[in-house]
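One file, input_10.txt, carrying compact mmCIF, C-alpha atoms:
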# COMPACT_ATOMS: atom_id res chain seq x y z
CA MET A 457 3.39 11.16 -52.65
CA SER A 458 5.11 12.44 -49.57
CA ASP A 459 8.14 14.64 -49.72
CA PRO A 460 11.31 12.60 -50.27
CA ARG A 461 13.33 15.39 -48.69
CA SER A 462 12.05 14.22 -45.34
CA VAL A 463 12.90 10.85 -43.81
CA PRO A 464 11.05 8.54 -43.91
CA ALA A 465 9.91 9.31 -47.42
CA HIS A 466 7.09 6.82 -47.35
CA GLU A 467 4.20 7.53 -45.04
CA SER A 468 3.36 3.89 -44.40
CA ASP A 469 6.99 3.36 -43.46
CA ALA A 470 6.95 5.41 -40.30
CA THR A 471 7.42 2.51 -37.91
CA LEU A 472 8.57 -1.08 -37.67
CA ASP A 473 5.72 -2.89 -35.94
CA VAL A 474 6.87 -6.08 -34.28
CA GLY A 475 5.69 -8.08 -31.29
CA GLY A 476 3.07 -5.49 -30.41
CA VAL A 477 5.47 -2.56 -30.28
CA SER A 478 6.02 0.19 -32.79
CA LEU A 479 9.63 1.11 -33.44
CA ARG A 480 10.60 4.40 -35.06
CA SER A 481 14.08 3.12 -35.84
CA ARG A 482 14.76 -0.06 -37.79
CA LEU A 483 18.08 -0.48 -36.04
CA LEU A 484 18.02 -2.66 -32.93
CA VAL A 485 21.17 -2.62 -30.85
CA GLY A 486 22.73 -4.76 -28.16
CA THR A 487 24.22 -3.53 -24.90
CA GLY A 488 27.13 -5.98 -24.54
CA LYS A 489 30.89 -5.46 -24.68
CA TYR A 490 30.98 -1.71 -24.05
CA ALA A 491 33.78 -0.22 -21.97
CA SER A 492 31.31 1.32 -19.49
CA PHE A 493 27.61 1.83 -18.87
CA GLU A 494 28.12 5.50 -19.84
CA GLU A 495 29.48 4.45 -23.23
CA THR A 496 26.57 2.02 -23.61
CA ARG A 497 24.08 4.81 -22.90
CA ASP A 498 25.75 7.22 -25.35
CA ALA A 499 26.03 4.61 -28.12
CA LEU A 500 22.35 3.73 -27.76
CA GLU A 501 21.40 7.38 -27.97
CA ILE A 502 23.52 8.10 -31.04
CA SER A 503 22.34 4.94 -32.82
CA GLY A 504 18.81 6.34 -32.82
CA SER A 505 17.51 2.90 -31.85
CA ASP A 506 14.43 2.52 -29.70
CA CYS A 507 14.84 -1.20 -29.03
CA VAL A 508 17.82 -2.58 -27.15
CA THR A 509 18.73 -6.10 -26.14
CA VAL A 510 19.95 -7.32 -22.76
CA ALA A 511 21.05 -10.70 -21.42
CA VAL A 512 20.01 -12.64 -18.30
CA ARG A 513 22.82 -13.76 -16.01
CA ARG A 514 23.38 -14.92 -12.43
CA VAL A 515 23.84 -12.10 -9.94
CA ASN A 516 27.49 -11.98 -8.92
CA LEU A 517 27.12 -12.65 -5.20
CA ASP A 518 30.83 -12.35 -4.48
CA ALA A 519 31.06 -8.73 -5.58
CA SER A 520 29.37 -5.77 -3.97
CA GLN A 521 26.46 -4.66 -6.09
CA GLY A 522 27.48 -1.72 -8.28
CA PRO A 523 25.15 0.23 -10.54
CA SER A 524 22.86 -1.81 -12.74
CA LEU A 525 22.70 -1.59 -16.53
CA LEU A 526 19.01 -0.79 -16.20
CA GLU A 527 19.90 2.54 -14.57
CA PHE A 528 21.43 3.56 -17.90
CA ILE A 529 18.54 2.53 -20.14
CA ASP A 530 15.63 4.96 -20.07
CA ARG A 531 12.61 2.68 -20.35
CA SER A 532 10.39 5.55 -21.43
CA ARG A 533 12.58 5.78 -24.51
CA TYR A 534 13.68 2.23 -25.27
CA HIS A 535 11.86 -1.05 -25.54
CA ILE A 536 13.99 -3.66 -23.82
CA LEU A 537 14.33 -6.96 -25.63
CA PRO A 538 15.80 -9.61 -23.33
CA ASN A 539 17.65 -12.43 -25.04
CA THR A 540 18.29 -16.05 -24.20
CA ALA A 541 21.92 -15.87 -25.32
CA GLY A 542 24.12 -18.61 -23.96
CA CYS A 543 21.34 -21.23 -23.94
CA PHE A 544 22.21 -24.44 -25.72
CA ASP A 545 18.89 -26.23 -25.32
CA ALA A 546 15.22 -25.33 -25.54
CA SER A 547 14.44 -25.80 -21.85
CA SER A 548 17.11 -23.43 -20.55
CA ALA A 549 16.08 -20.87 -23.16
CA ILE A 550 12.46 -21.15 -21.99
CA ARG A 551 13.50 -20.75 -18.34
CA THR A 552 15.66 -17.75 -19.24
CA ALA A 553 12.76 -16.12 -21.09
CA GLU A 554 10.50 -16.63 -18.06
CA LEU A 555 13.10 -15.05 -15.75
CA ALA A 556 13.50 -12.07 -18.07
CA ARG A 557 9.74 -11.57 -18.22
CA ALA A 558 9.59 -11.64 -14.42
CA ILE A 559 12.15 -8.83 -14.21
CA LEU A 560 10.98 -6.65 -17.08
CA ASP A 561 7.28 -7.42 -17.26
CA THR A 562 7.53 -7.54 -21.05
CA PRO A 563 6.24 -10.26 -23.36
CA LEU A 564 9.12 -9.60 -25.77
CA VAL A 565 11.95 -12.08 -26.00
CA LYS A 566 14.75 -12.59 -28.45
CA LEU A 567 15.03 -16.36 -28.53
CA GLU A 568 18.46 -17.85 -29.01
CA VAL A 569 18.98 -21.60 -28.84
CA LEU A 570 22.54 -22.20 -29.89
CA GLY A 571 24.19 -25.35 -31.12
CA ASP A 572 27.65 -25.16 -29.63
CA PRO A 573 29.94 -22.54 -28.05
CA ARG A 574 32.52 -22.48 -30.84
CA THR A 575 30.26 -21.61 -33.77
CA LEU A 576 27.36 -20.09 -31.78
CA LEU A 577 25.21 -21.16 -34.72
CA PRO A 578 21.52 -21.48 -33.90
CA ASP A 579 20.25 -25.00 -33.31
CA PRO A 580 17.21 -25.21 -35.59
CA ILE A 581 15.43 -28.05 -33.79
CA GLY A 582 15.81 -26.56 -30.32
CA THR A 583 14.81 -23.18 -31.72
CA LEU A 584 11.56 -24.63 -33.11
CA GLU A 585 10.76 -26.40 -29.82
CA ALA A 586 11.37 -23.32 -27.71
CA THR A 587 9.41 -21.10 -30.10
CA ARG A 588 6.38 -23.37 -29.84
CA GLU A 589 6.47 -23.36 -26.04
CA LEU A 590 7.10 -19.64 -25.63
CA VAL A 591 4.32 -18.74 -28.07
CA ALA A 592 2.00 -20.98 -26.04
CA GLN A 593 3.06 -19.08 -22.91
CA GLY A 594 2.08 -15.78 -24.48
CA PHE A 595 5.51 -14.45 -25.34
CA GLN A 596 6.17 -12.30 -28.39
CA VAL A 597 9.04 -14.35 -29.75
CA LEU A 598 11.63 -12.74 -32.00
CA VAL A 599 13.58 -15.73 -33.16
CA TYR A 600 17.29 -15.68 -33.90
CA CYS A 601 17.77 -18.39 -36.51
CA SER A 602 19.89 -19.52 -39.39
CA ASP A 603 19.24 -18.01 -42.80
CA ASP A 604 17.25 -21.05 -43.92
CA PRO A 605 14.10 -20.03 -45.77
CA ARG A 606 12.14 -23.17 -44.88
CA LEU A 607 13.05 -22.87 -41.22
CA CYS A 608 11.87 -19.27 -41.23
CA ALA A 609 8.59 -20.35 -42.82
CA ARG A 610 8.13 -22.97 -40.06
CA LEU A 611 8.83 -20.38 -37.37
CA GLU A 612 6.18 -18.14 -38.90
CA GLU A 613 3.68 -21.03 -38.83
CA LEU A 614 4.45 -21.57 -35.14
CA GLY A 615 3.48 -17.99 -34.34
CA ALA A 616 6.81 -16.20 -34.01
CA ALA A 617 6.61 -12.39 -33.92
CA SER A 618 9.69 -12.00 -36.09
CA VAL A 619 12.35 -14.16 -37.67
CA MET A 620 15.88 -12.92 -37.25
CA PRO A 621 18.20 -14.78 -39.60
CA ALA A 622 21.91 -14.42 -39.02
CA GLY A 623 23.84 -12.62 -41.73
CA SER A 624 26.89 -14.59 -40.58
CA PRO A 625 28.06 -16.02 -37.22
CA ILE A 626 27.57 -13.90 -34.09
CA GLY A 627 30.32 -11.34 -33.65
CA SER A 628 32.15 -12.53 -36.77
CA GLY A 629 31.83 -9.28 -38.72
CA GLN A 630 31.49 -11.20 -41.97
CA GLY A 631 28.38 -9.34 -43.08
CA ILE A 632 25.56 -10.85 -45.14
CA LEU A 633 27.10 -14.07 -46.43
CA ASN A 634 24.08 -15.34 -48.34
CA PRO A 635 22.00 -12.49 -49.73
CA ASN A 636 20.10 -14.91 -51.95
CA ALA A 637 18.84 -16.88 -48.93
CA LEU A 638 17.76 -13.61 -47.34
CA ARG A 639 15.88 -12.63 -50.50
CA ILE A 640 14.02 -15.95 -50.50
CA ILE A 641 13.19 -15.56 -46.80
CA LEU A 642 11.80 -12.10 -47.53
CA GLU A 643 9.57 -13.60 -50.22
CA LEU A 644 8.41 -16.59 -48.17
CA VAL A 645 7.75 -14.91 -44.85
CA LYS A 646 5.25 -12.16 -44.13
CA LEU A 647 6.57 -11.49 -40.62
CA PRO A 648 9.09 -8.72 -40.06
CA VAL A 649 12.48 -10.17 -41.00
CA ILE A 650 15.24 -8.63 -38.89
CA VAL A 651 18.79 -9.49 -39.84
CA ASP A 652 20.61 -10.36 -36.64
CA ALA A 653 24.30 -11.05 -36.17
CA GLY A 654 27.37 -10.89 -38.32
CA VAL A 655 27.34 -7.20 -39.18
CA GLY A 656 30.88 -5.84 -39.47
CA THR A 657 30.42 -2.33 -40.76
CA ALA A 658 27.88 0.15 -42.08
CA SER A 659 27.63 -1.26 -45.61
CA ASP A 660 26.47 -4.61 -44.17
CA VAL A 661 23.50 -2.85 -42.58
CA ALA A 662 22.77 -0.98 -45.80
CA ILE A 663 22.86 -4.20 -47.83
CA ALA A 664 20.41 -5.95 -45.49
CA MET A 665 18.05 -2.99 -45.62
CA GLU A 666 18.37 -2.59 -49.39
CA LEU A 667 17.34 -6.23 -49.79
CA GLY A 668 14.14 -5.42 -47.88
CA ALA A 669 14.85 -6.52 -44.33
CA ALA A 670 12.48 -4.89 -41.84
CA GLY A 671 15.39 -4.10 -39.54
CA VAL A 672 18.88 -5.02 -38.42
CA LEU A 673 20.04 -6.04 -34.95
CA LEU A 674 23.70 -5.63 -34.09
CA ASN A 675 25.99 -5.26 -31.10
CA THR A 676 29.66 -6.06 -31.60
CA ALA A 677 30.01 -3.97 -34.77
CA ILE A 678 29.40 -0.85 -32.67
CA ALA A 679 30.82 -1.90 -29.30
CA GLY A 680 33.98 -3.37 -30.84
CA ALA A 681 34.73 -0.50 -33.23
CA ARG A 682 37.74 1.68 -32.47
CA GLU A 683 35.32 4.56 -31.92
CA PRO A 684 32.01 3.04 -30.87
CA LEU A 685 30.10 6.31 -30.81
CA ARG A 686 31.13 7.25 -34.33
CA MET A 687 30.21 3.75 -35.52
CA ALA A 688 26.81 4.10 -33.82
CA ALA A 689 26.21 7.14 -36.01
CA ALA A 690 27.40 5.26 -39.10
CA MET A 691 25.01 2.37 -38.40
CA ARG A 692 22.11 4.77 -37.83
CA ASP A 693 22.73 6.46 -41.18
CA ALA A 694 23.35 3.19 -43.05
CA CYS A 695 20.08 1.78 -41.78
CA LYS A 696 18.16 4.81 -42.99
CA ALA A 697 20.03 4.92 -46.31
CA GLY A 698 19.46 1.24 -47.00
CA ARG A 699 15.76 1.52 -46.19
CA GLN A 700 15.33 4.54 -48.42
CA ALA A 701 17.13 2.76 -51.25
CA PHE A 702 14.88 -0.29 -50.83
CA LEU A 703 11.76 1.86 -50.97
CA ALA A 704 13.08 3.85 -53.92
CA GLY A 705 13.83 0.65 -55.86
CA ARG A 706 17.26 -0.07 -57.21
CA ILE A 707 17.91 -0.24 -60.95
CA PRO A 708 18.38 -3.69 -62.44
CA ARG A 709 21.90 -4.98 -62.88
CA LYS A 710 22.97 -5.10 -66.53
CA LEU A 711 25.98 -6.61 -68.19
CA TYR A 712 26.73 -3.65 -70.46
CA ALA A 713 27.06 0.06 -70.01
CA ASN A 714 24.16 2.47 -70.32
CA ALA A 715 25.38 6.03 -70.77
CA SER A 716 24.09 8.69 -68.43
CA SER A 717 24.96 11.51 -70.84
CA PRO A 718 23.29 11.78 -74.29
CA LEU A 719 25.27 10.02 -77.01
CA GLU A 720 24.07 12.53 -79.62
CA GLY A 721 25.46 16.02 -80.08
CA THR A 722 29.01 15.40 -79.03
CA ILE A 723 31.67 17.37 -80.92
CA ALA A 724 33.37 14.07 -81.59
CA GLN A 725 30.72 13.63 -84.34
CA SER A 726 31.90 16.81 -86.23
CA GLY A 727 34.76 15.03 -87.88
CA GLY A 728 37.87 17.22 -88.08
CA ALA A 729 41.40 16.24 -88.71
CA GLY A 730 41.66 12.52 -88.70
CA PRO A 731 44.62 10.61 -87.54
CA MET B 403 21.89 -22.41 17.72
CA GLN B 404 19.28 -23.15 15.09
CA PRO B 405 19.92 -26.02 12.74
CA SER B 406 20.95 -25.01 9.24
CA LEU B 407 20.43 -26.57 5.89
CA GLU B 408 22.43 -26.48 2.71
CA ILE B 409 21.17 -25.11 -0.56
CA LYS B 410 22.86 -24.44 -3.86
CA LEU B 411 22.80 -20.73 -4.62
CA ASN B 412 23.83 -19.81 -8.17
CA GLY B 413 25.68 -23.09 -8.36
CA LYS B 414 27.56 -22.75 -5.06
CA PRO B 415 26.76 -24.41 -1.72
CA ARG B 416 25.41 -22.08 0.97
CA GLN B 417 24.22 -22.63 4.52
CA VAL B 418 20.90 -21.09 5.43
CA GLN B 419 18.92 -21.17 8.64
CA ALA B 420 16.33 -23.93 8.83
CA GLY B 421 12.87 -22.50 8.25
CA ALA B 422 14.11 -19.53 6.24
CA ASN B 423 12.01 -18.49 3.29
CA LEU B 424 13.04 -17.20 -0.10
CA ALA B 425 12.26 -13.56 0.72
CA GLU B 426 14.57 -13.76 3.75
CA LEU B 427 17.36 -15.17 1.61
CA ILE B 428 16.95 -12.37 -0.96
CA GLU B 429 17.04 -9.82 1.83
CA GLU B 430 20.14 -11.40 3.33
CA LEU B 431 21.80 -11.05 -0.08
CA GLY B 432 20.93 -7.35 -0.13
CA LEU B 433 18.75 -7.82 -3.19
CA SER B 434 15.29 -6.88 -1.90
CA GLY B 435 13.70 -4.62 -4.48
CA ALA B 436 16.54 -5.16 -6.96
CA ALA B 437 15.90 -6.05 -10.60
CA VAL B 438 16.33 -9.76 -10.07
CA ALA B 439 14.33 -12.88 -10.75
CA VAL B 440 14.50 -16.11 -8.80
CA GLU B 441 14.23 -19.76 -9.71
CA ARG B 442 13.84 -22.62 -7.28
CA ASN B 443 14.66 -26.04 -8.65
CA GLN B 444 14.38 -24.76 -12.20
CA LYS B 445 10.97 -23.16 -11.65
CA LEU B 446 10.42 -19.43 -11.67
CA VAL B 447 9.16 -18.09 -8.33
CA ARG B 448 7.36 -14.76 -8.65
CA SER B 449 8.42 -12.13 -6.16
CA ARG B 450 5.00 -12.01 -4.47
CA GLU B 451 5.44 -15.70 -3.64
CA HIS B 452 8.93 -15.41 -2.16
CA SER B 453 7.85 -15.16 1.44
CA ALA B 454 5.62 -18.21 1.08
CA ILE B 455 8.42 -20.45 -0.19
CA ARG B 456 10.31 -22.10 2.65
CA LEU B 457 13.79 -23.27 1.68
CA GLU B 458 14.49 -26.98 1.86
CA ASP B 459 17.71 -28.91 2.09
CA GLY B 460 19.22 -29.37 -1.36
CA ASP B 461 17.18 -26.64 -3.05
CA ALA B 462 18.83 -25.19 -6.14
CA ILE B 463 18.23 -21.45 -6.14
CA GLU B 464 19.14 -19.19 -9.04
CA VAL B 465 19.11 -15.42 -8.67
CA VAL B 466 19.54 -13.62 -11.99
CA THR B 467 19.61 -10.08 -13.25
CA LEU B 468 20.02 -8.28 -16.57
CA VAL B 469 23.41 -7.52 -18.05
CA GLY B 470 24.68 -6.15 -21.32
CA GLY B 471 24.13 -8.48 -24.25
CA GLY B 472 23.31 -8.62 -27.91
Give the structure from the file, written as C-alpha cells.
Amino acid sequence: MSDPRSVPAHESDATLDVGGVSLRSRLLVGTGKYASFEETRDALEISGSDCVTVAVRRVNLDASQGPSLLEFIDRSRYHILPNTAGCFDASSAIRTAELARAILDTPLVKLEVLGDPRTLLPDPIGTLEATRELVAQGFQVLVYCSDDPRLCARLEELGAASVMPAGSPIGSGQGILNPNALRIILELVKLPVIVDAGVGTASDVAIAMELGAAGVLLNTAIAGAREPLRMAAAMRDACKAGRQAFLAGRIPRKLYANASSPLEGTIAQSGGAGP
Amino acid sequence: MQPSLEIKLNGKPRQVQAGANLAELIEELGLSGAAVAVERNQKLVRSREHSAIRLEDGDAIEVVTLVGGG
C-alpha cells in the first residue's frame, strides 16, 4: 500500500494513458472563450492539466496577423488535442483532422461530428464513419459521442483511442444528466472513458470521476465562470478528489440510518427522572 | 500585364497571377512559416509540396490555423 497522504494514493494510478500519451492530470481543458491569451495561459496552468484542446479555423485574411494562440501554449508542457468542432458531417471532420495533423504533427484528434447547430449533439452515424476512416489513416481518435453505451462499444470495436461521452449538451452546464448510462459505458468499454461536455461546476467533475471516468474534458465551465482562474483551481481539485474517492470506494447507499457513534454506553440508558 | 486567374480563398474570390504556385500565394498573404495548413479543392497539400502546386482558375483554397476551442 502506498501512502494515502500523497496524491495519487494508488501507484498504478499515476497517469492517464490515452492515444499513446501519458497524462499526469485527468483533467483535459479547452482553450476557447477566454478574455485573452494571457488568461488562457494562466487558466491552463492553474488547472494542472497537461492536455489542452484547440480548434481549426480559417485564417482571418482581412485582419493583420496578431499573436497566435500557440505562442501561449508551451508544447513541452502540454499535449495539444485538436478538435473537429463545428463539423456537421464525417467528411469535413476528416478533412479538419488532416489539417490539424499537418499543423501540429500529432496523431491525436478529438473527433466531433455534430448533428445540428442548435443542439450541438453528436451525430452517431457520422461519428462512426469518421472514426473508421481516421483510425485507418493512423490517427489516435478520441471520440466525442453521446452517452449511449452501445455506441461507445461500437467505437471501441472500430479502434478509437478513447470514448468521450457528453455529460449533457456542450456548454450547457447541466452536469452529468445520466449517471446510469455512464456507469454502463464504464462497464462495457475497456478504453479510457473521458466525460466531455456539459460540466457546470466542480461537483460535476467530481461526480464523473467518482463514477470511474478516466478523465473529464471541459472548457466553458472555466472560461465562462465569473473568476475563471479560481474555477480552474476548483476543477483541478474536484478532479483529484473525485478520482481519490473512486479509488477509495464509496460506501453503499442504504435506506436507513447507521449510527457513527456507539449506541451503547450513553447516559440516556441510566434512567433517571422520567417524564 | 500578366493575365490573372480567379481562385476562391477561404470562401472569397481572389485574383492571382497566372502561373503562381501555392507557396507564392502563402508568401503573398504573409503566412510563410506560420502555423497554418492548406487545402486545395478539399485535399490537404503538405507544405513541402506548396511550391510544386500551380494555381488554376477556379481552385478553392483553404488556409487554416489553430484557435481556442474546447
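If you look at atom CA of Asp572 of chain A and atom CA of Leu667 of chain A, they are 29.5 Å away from each other.
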- Which residue out of A:Gly542, A:Ile559, A:Glu494, A:Pro523 has the minimum interatomic distance to Val438 of chain B when all atoms listed in the file are used?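 Closest candidate: A:Ile559.
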- May I ask which of the residues A:Leu526, A:Ile550, A:Leu614, A:Val655 is the closest one to Leu567 of chain A, counting only C-alpha atoms?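 Selected residue with least distance to Leu567 of chain A: A:Ile550.
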- Message: I'd like to know which of B:Ser434, B:Thr467, B:Asn423, B:Ser449 is closest to Leu407 of chain B, using all atoms listed in the file.
- Response: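 When distances to Leu407 of chain B are compared using all atoms listed in the file, the smallest one comes from B:Asn423.
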Please produce, as CSV, a per-residue contact table for chain A versus chain B (criterion: any atom at most 8 Å away, all atoms listed in the file considered), showing the nearest atom pair and its distance in Å to one decimal, sorted by chain then residue number.
residue,atom,partner,partner_atom,distance
A:Val485,CA,B:Gly472,CA,7.0
A:Gly486,CA,B:Gly472,CA,3.9
A:Thr487,CA,B:Gly470,CA,4.5
A:Gly488,CA,B:Gly471,CA,3.9
A:Lys489,CA,B:Gly470,CA,7.1
A:Thr509,CA,B:Gly472,CA,5.5
A:Val510,CA,B:Gly471,CA,4.6
A:Ala511,CA,B:Gly471,CA,4.7
A:Val512,CA,B:Leu468,CA,4.7
A:Arg513,CA,B:Val466,CA,5.2
A:Arg514,CA,B:Val466,CA,4.1
A:Val515,CA,B:Val466,CA,5.0
A:Leu517,CA,B:Leu431,CA,7.6
A:Ser524,CA,B:Val469,CA,7.8
A:Leu525,CA,B:Val469,CA,6.2
A:Leu526,CA,B:Leu468,CA,7.6
A:Asn539,CA,B:Gly472,CA,7.4
A:Ala541,CA,B:Gly471,CA,7.8
A:Arg551,CA,B:Gln444,CA,7.4
A:Glu554,CA,B:Leu446,CA,7.0
A:Leu555,CA,B:Ala439,CA,5.6
A:Ala556,CA,B:Ala439,CA,7.4
A:Ala558,CA,B:Ala439,CA,6.1
A:Ile559,CA,B:Ala439,CA,5.8
A:Leu674,CA,B:Gly472,CA,6.9
A:Asn675,CA,B:Gly472,CA,5.4
A:Thr676,CA,B:Gly472,CA,7.8
Edge lengths and centre in Å to one decimal, as lines of an AutoDock Vina configuration file, is what I'm after for the box along x, y and z that holds all listed atoms of segment 532-550 of chain A once 6 Å is added on each side.
center_x = 17.3
center_y = -10.2
center_z = -23.1
size_x = 25.7
size_y = 44.0
size_z = 17.2
Shell around Leu647 of chain A at 12 Å using all atoms listed in the file, local window under 5 positions removed, as an mmCIF file with C-alpha atoms, in the frame of the given file:
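Contents of part_18.cif, freshly written:
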data_model
loop_
_atom_site.group_PDB
_atom_site.id
_atom_site.type_symbol
_atom_site.label_atom_id
_atom_site.label_comp_id
_atom_site.auth_asym_id
_atom_site.auth_seq_id
_atom_site.Cartn_x
_atom_site.Cartn_y
_atom_site.Cartn_z
ATOM 1 C CA LEU A 472 8.570 -1.080 -37.670
ATOM 2 C CA ASP A 473 5.720 -2.890 -35.940
ATOM 3 C CA VAL A 474 6.870 -6.080 -34.280
ATOM 4 C CA GLY A 475 5.690 -8.080 -31.290
ATOM 5 C CA VAL A 597 9.040 -14.350 -29.750
ATOM 6 C CA LEU A 598 11.630 -12.740 -32.000
ATOM 7 C CA VAL A 599 13.580 -15.730 -33.160
ATOM 8 C CA CYS A 608 11.870 -19.270 -41.230
ATOM 9 C CA ALA A 609 8.590 -20.350 -42.820
ATOM 10 C CA ARG A 610 8.130 -22.970 -40.060
ATOM 11 C CA LEU A 611 8.830 -20.380 -37.370
ATOM 12 C CA GLU A 612 6.180 -18.140 -38.900
ATOM 13 C CA GLU A 613 3.680 -21.030 -38.830
ATOM 14 C CA LEU A 614 4.450 -21.570 -35.140
ATOM 15 C CA GLY A 615 3.480 -17.990 -34.340
ATOM 16 C CA ALA A 616 6.810 -16.200 -34.010
ATOM 17 C CA ALA A 617 6.610 -12.390 -33.920
ATOM 18 C CA SER A 618 9.690 -12.000 -36.090
ATOM 19 C CA VAL A 619 12.350 -14.160 -37.670
ATOM 20 C CA MET A 620 15.880 -12.920 -37.250
ATOM 21 C CA ILE A 641 13.190 -15.560 -46.800
ATOM 22 C CA LEU A 642 11.800 -12.100 -47.530
ATOM 23 C CA ALA A 669 14.850 -6.520 -44.330
ATOM 24 C CA ALA A 670 12.480 -4.890 -41.840
ATOM 25 C CA GLY A 671 15.390 -4.100 -39.540
#
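Atom CA of Thr496 of chain A lies 9.1 Å from atom CA of Pro684 of chain A.
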- Query: atom CA of Ala422 of chain B and atom CA of Ile455 of chain B are how many Å apart?
  - Reply: 8.6 Å
- Option closest in space to Leu685 of chain A, from A:Val477, A:Ile502, A:Thr471, A:Gly698 [counting all atoms listed in the file]: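 Going through A:Val477, A:Ile502, A:Thr471, A:Gly698 one by one, the smallest distance to Leu685 of chain A is for A:Ile502.
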- Task: Write out as an MDAnalysis selection string which residues come within 12 Å of Ala689 of chain A when counting all atoms listed in the file, dropping same-chain ones fewer than 5 positions away.
- Result: chainID A and resid 483 498:505 657:658 677:678 681 683:684 694:696
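Excluding Gly668 of chain A itself and any same-chain residue fewer than 6 positions from it, the protein and nucleic acid residues within 9 Å of it, counting all atoms listed in the file, are Leu638, Arg639, Leu642, Val649, Gly698, Arg699, Phe702 and Leu703 of chain A.
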Could those selected residues go to a file with C-alpha atoms, as a PDB file, in the coordinates of the input?
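What follows is the written file selection-v3.pdb:
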ATOM      1  CA  LEU A 638      17.760 -13.610 -47.340  1.00  0.00           C
ATOM      2  CA  ARG A 639      15.880 -12.630 -50.500  1.00  0.00           C
ATOM      3  CA  LEU A 642      11.800 -12.100 -47.530  1.00  0.00           C
ATOM      4  CA  VAL A 649      12.480 -10.170 -41.000  1.00  0.00           C
ATOM      5  CA  GLY A 698      19.460   1.240 -47.000  1.00  0.00           C
ATOM      6  CA  ARG A 699      15.760   1.520 -46.190  1.00  0.00           C
ATOM      7  CA  PHE A 702      14.880  -0.290 -50.830  1.00  0.00           C
ATOM      8  CA  LEU A 703      11.760   1.860 -50.970  1.00  0.00           C
TER       9      LEU A 703
END
For His452 of chain B, work out the shell of residues within 10 Å, counting all atoms listed in the file and skipping chain neighbours fewer than 6 positions away, then give it as a PDB file with C-alpha atoms, in the frame of the given file.
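Contents of around-v3.pdb, freshly written:
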ATOM      1  CA  ASN B 423      12.010 -18.490   3.290  1.00  0.00           C
ATOM      2  CA  LEU B 424      13.040 -17.200  -0.100  1.00  0.00           C
ATOM      3  CA  ALA B 425      12.260 -13.560   0.720  1.00  0.00           C
ATOM      4  CA  GLU B 426      14.570 -13.760   3.750  1.00  0.00           C
ATOM      5  CA  LEU B 427      17.360 -15.170   1.610  1.00  0.00           C
ATOM      6  CA  ILE B 428      16.950 -12.370  -0.960  1.00  0.00           C
ATOM      7  CA  VAL B 440      14.500 -16.110  -8.800  1.00  0.00           C
TER       8      VAL B 440
END
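Of the residues under consideration (A:Ala715, A:Val661, A:Ala470, A:Ala688), A:Val661 shows the shortest atom-to-atom contact distance to Gly629 of chain A when counting all atoms listed in the file.
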If I only have part of segment 600-613 of chain A, can you fill in N, CA and C atoms and write it as an mmCIF file, keeping the file's coordinate frame?
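result-v9.cif, written as the output of this step:
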data_model
loop_
_atom_site.group_PDB
_atom_site.id
_atom_site.type_symbol
_atom_site.label_atom_id
_atom_site.label_comp_id
_atom_site.auth_asym_id
_atom_site.auth_seq_id
_atom_site.Cartn_x
_atom_site.Cartn_y
_atom_site.Cartn_z
ATOM 1 N N TYR A 600 15.979 -15.608 -33.239
ATOM 2 C CA TYR A 600 17.290 -15.680 -33.900
ATOM 3 C C TYR A 600 17.399 -17.060 -34.530
ATOM 4 N N CYS A 601 17.750 -17.096 -35.815
ATOM 5 C CA CYS A 601 17.770 -18.390 -36.510
ATOM 6 C C CYS A 601 18.781 -18.344 -37.639
ATOM 7 N N SER A 602 19.022 -19.498 -38.230
ATOM 8 C CA SER A 602 19.890 -19.520 -39.390
ATOM 9 C C SER A 602 19.135 -18.987 -40.605
ATOM 10 N N ASP A 603 19.868 -18.644 -41.637
ATOM 11 C CA ASP A 603 19.240 -18.010 -42.800
ATOM 12 C C ASP A 603 18.680 -19.074 -43.751
ATOM 13 N N ASP A 604 17.858 -19.945 -43.181
ATOM 14 C CA ASP A 604 17.250 -21.050 -43.920
ATOM 15 C C ASP A 604 15.800 -20.674 -44.207
ATOM 16 N N PRO A 605 15.458 -20.493 -45.466
ATOM 17 C CA PRO A 605 14.100 -20.030 -45.770
ATOM 18 C C PRO A 605 12.996 -20.945 -45.251
ATOM 19 N N ARG A 606 13.199 -22.252 -45.349
ATOM 20 C CA ARG A 606 12.140 -23.170 -44.880
ATOM 21 C C ARG A 606 12.000 -23.106 -43.357
ATOM 22 N N LEU A 607 13.120 -23.001 -42.673
ATOM 23 C CA LEU A 607 13.050 -22.870 -41.220
ATOM 24 C C LEU A 607 12.285 -21.604 -40.839
ATOM 25 N N CYS A 608 12.566 -20.530 -41.531
ATOM 26 C CA CYS A 608 11.870 -19.270 -41.230
ATOM 27 C C CYS A 608 10.368 -19.419 -41.478
ATOM 28 N N ALA A 609 10.019 -20.134 -42.536
ATOM 29 C CA ALA A 609 8.590 -20.350 -42.820
ATOM 30 C C ALA A 609 7.942 -21.160 -41.691
ATOM 31 N N ARG A 610 8.658 -22.166 -41.178
ATOM 32 C CA ARG A 610 8.130 -22.970 -40.060
ATOM 33 C C ARG A 610 7.966 -22.126 -38.795
ATOM 34 N N LEU A 611 8.920 -21.252 -38.552
ATOM 35 C CA LEU A 611 8.830 -20.380 -37.370
ATOM 36 C C LEU A 611 7.631 -19.451 -37.484
ATOM 37 N N GLU A 612 7.365 -18.994 -38.688
ATOM 38 C CA GLU A 612 6.180 -18.140 -38.900
ATOM 39 C C GLU A 612 4.911 -18.943 -38.594
ATOM 40 N N GLU A 613 4.854 -20.181 -39.079
ATOM 41 C CA GLU A 613 3.680 -21.030 -38.830
ATOM 42 C C GLU A 613 3.450 -21.252 -37.331
#
